[in-house]
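Since the structure comes first, as structure tokens, the remarks are kept for the end.
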Amino acid sequence: MLGDRPCRAAILVSGAGSNLQSFIDQVEAGVLDLDIAVVFSNNSTAYGLKRAAQAGIDSFCIEHASFAAREDFDRAVAAGLETYAPDLIILAGFMRILSPWFVRHFEGRILNIHPALLPKYPGLNTHTRALGAGDSHHGSTVHFVTADLDAGPRILAGRLAIEADESAEHLQSRVQSLEHRLYPQAVQLVASGRVRLANGEAVRDGKPLAEPVVVDY
Ligand code: GRF
């Protein structure tokens with residue numbers, strides 16, 4: 001809650017939207033105090049848009065391919081989002097890098113989930129890279145978005161032990177399942193005002209969070 005009303009969120013998706021679905025389900029179940037005001041996608045065929053429609057949530061799409069410059073696309077997206085006055089922008093499988101302009105415009109209000117134990121493996125193919133490195137553990141991290149890709153202050157990490165001879169597909173599906181519990185938990189912390197970004201640092205209950213809280217799954 002922010003004052004006497006739930007935090008208003010815009011959720012940005014590019015694909016399947018299983019994380020979006022977990023937010024919808026948890027809000028409907030009354031365990032997450034969030035008002036999902038709008039869903040946005042840069043991809044008109046994203047299944048996440050169907051999930052929004054099924055849940056009766058407003059959505060809109062702007063295809064990035066129709067913009068020559070990244071920032072022009074971001075300005076159009078921001079203008080659309082602003083009509084919903086979001087407190088929080090939740091990236092949930094949003095496969096576009098945001099311009100520094102967009103990040104500054106919504107500074108401290110953008111969250112992302114990245115399927116790795118950051119700062120390990122920013123970028124793509126995280127599951128294959130964790131397996132290839134012989135890591136004992138892997139997982140996913142929720143962080144504030146800054147202009148540096150996958151490098152903003154971390155809030156919560158979900159960790160699991162890699163199984164012997166585990167395939168990248170199997171690991172990915174286990175990581176995705178944990179994300180569906182981890183991301184709403186992190187959003188609840190921010191939506192309730194307990195966690196915020198201050199002077200470039202994540203702060204929890206008034207104290208700097210040098211390391212994210214790690215939850216074992
Ligand atoms: C998730 O694994 C998330 O970590 C990554 O993109 C994936 C999105 O999956 N950023 P979905 O669209 O929510 O099913």
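Here's how to read the names in the structure tokens: chain A, B, ... by the order shown, residue numbers from 1 in each chain, ligand numbers from 1 in the order shown.
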* Got a sec to check which residues lie within 10 Å of ligand 1, using only C-alpha atoms and all ligand atoms, and send them as a PyMOL selection string? -> chain A and resi 12-23+46-48+91-95+112-116+123-124+126+139-142+150+172-180+183
Using only C-alpha atoms, the best pick from A:Asp165, A:Asn42, A:Phe102, A:Val213 as closest to His64 of chain A would be A:Asn42
Test item: residues at most 12 Å from Gly56 of chain A, only C-alpha atoms, excluding those fewer than 4 positions along its chain, as a PyMOL selection string
chain A and resi 24+28+36-39+49-52
re atom CA of Leu156 of chain A and atom CA of Asn43 of chain A: distance 28.2 Å
Practice task
Please run DSSP on the backbone and report, as number ranges by chain, all residues within segment 89-140 of chain A that come out as helix (DSSP H, G or I).
Solution key: A: 100-105, 126-132
Handout entry: Surrounding residues of Pro6 of chain A excluding itself and chain neighbours under 2 positions, 12 Å, only C-alpha atoms, as a VMD selection string
Key = chain A and resid 1 to 4 8 to 9 27 30 32 to 37 86 to 88 187 to 188 190 to 193
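Distances to Val214 of chain A were evaluated for A:Val145, A:Leu182, A:Val195, A:Ala65 using only C-alpha atoms, and the minimum falls at A:Leu182.
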Check: Hey, what's within 12 Å of Arg129 of chain A if we count only C-alpha atoms and toss same-chain stuff fewer than 6 positions away? As a list of chain:residue names, please?
Finding: A:Pro115, A:Ala116, A:Leu117, A:Lys120, A:Tyr121, A:Pro122, A:Gly123, A:Asp135, A:His137, A:His138, A:Ser167, A:Ala168, A:Leu171, A:Gln172
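Atom pair atom CA of Glu71 of chain A / atom CA of Phe106 of chain A: separated by 13.8 Å.
Close contacts of Arg70 of chain A, defined as residues with an atom at most 12 Å away when counting only C-alpha atoms, with chain neighbours fewer than 5 positions off set aside, comprise Glu63, His64, Ala65, Arg75, Ala76, Val77, Arg96, Ile97, Leu98, Ser99, Pro100, Trp101 and Phe102 of chain A.
Each of A:Ala10, A:Arg109, A:Gly200, A:Arg104 was checked against Ala151 of chain A using only C-alpha atoms; the smallest atom-to-atom distance is that of A:Gly200.
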With distances taken over only C-alpha atoms, the candidate from A:Ile155, A:Glu166, A:Ile11, A:Pro184 nearest Arg204 of chain A is A:Ile155
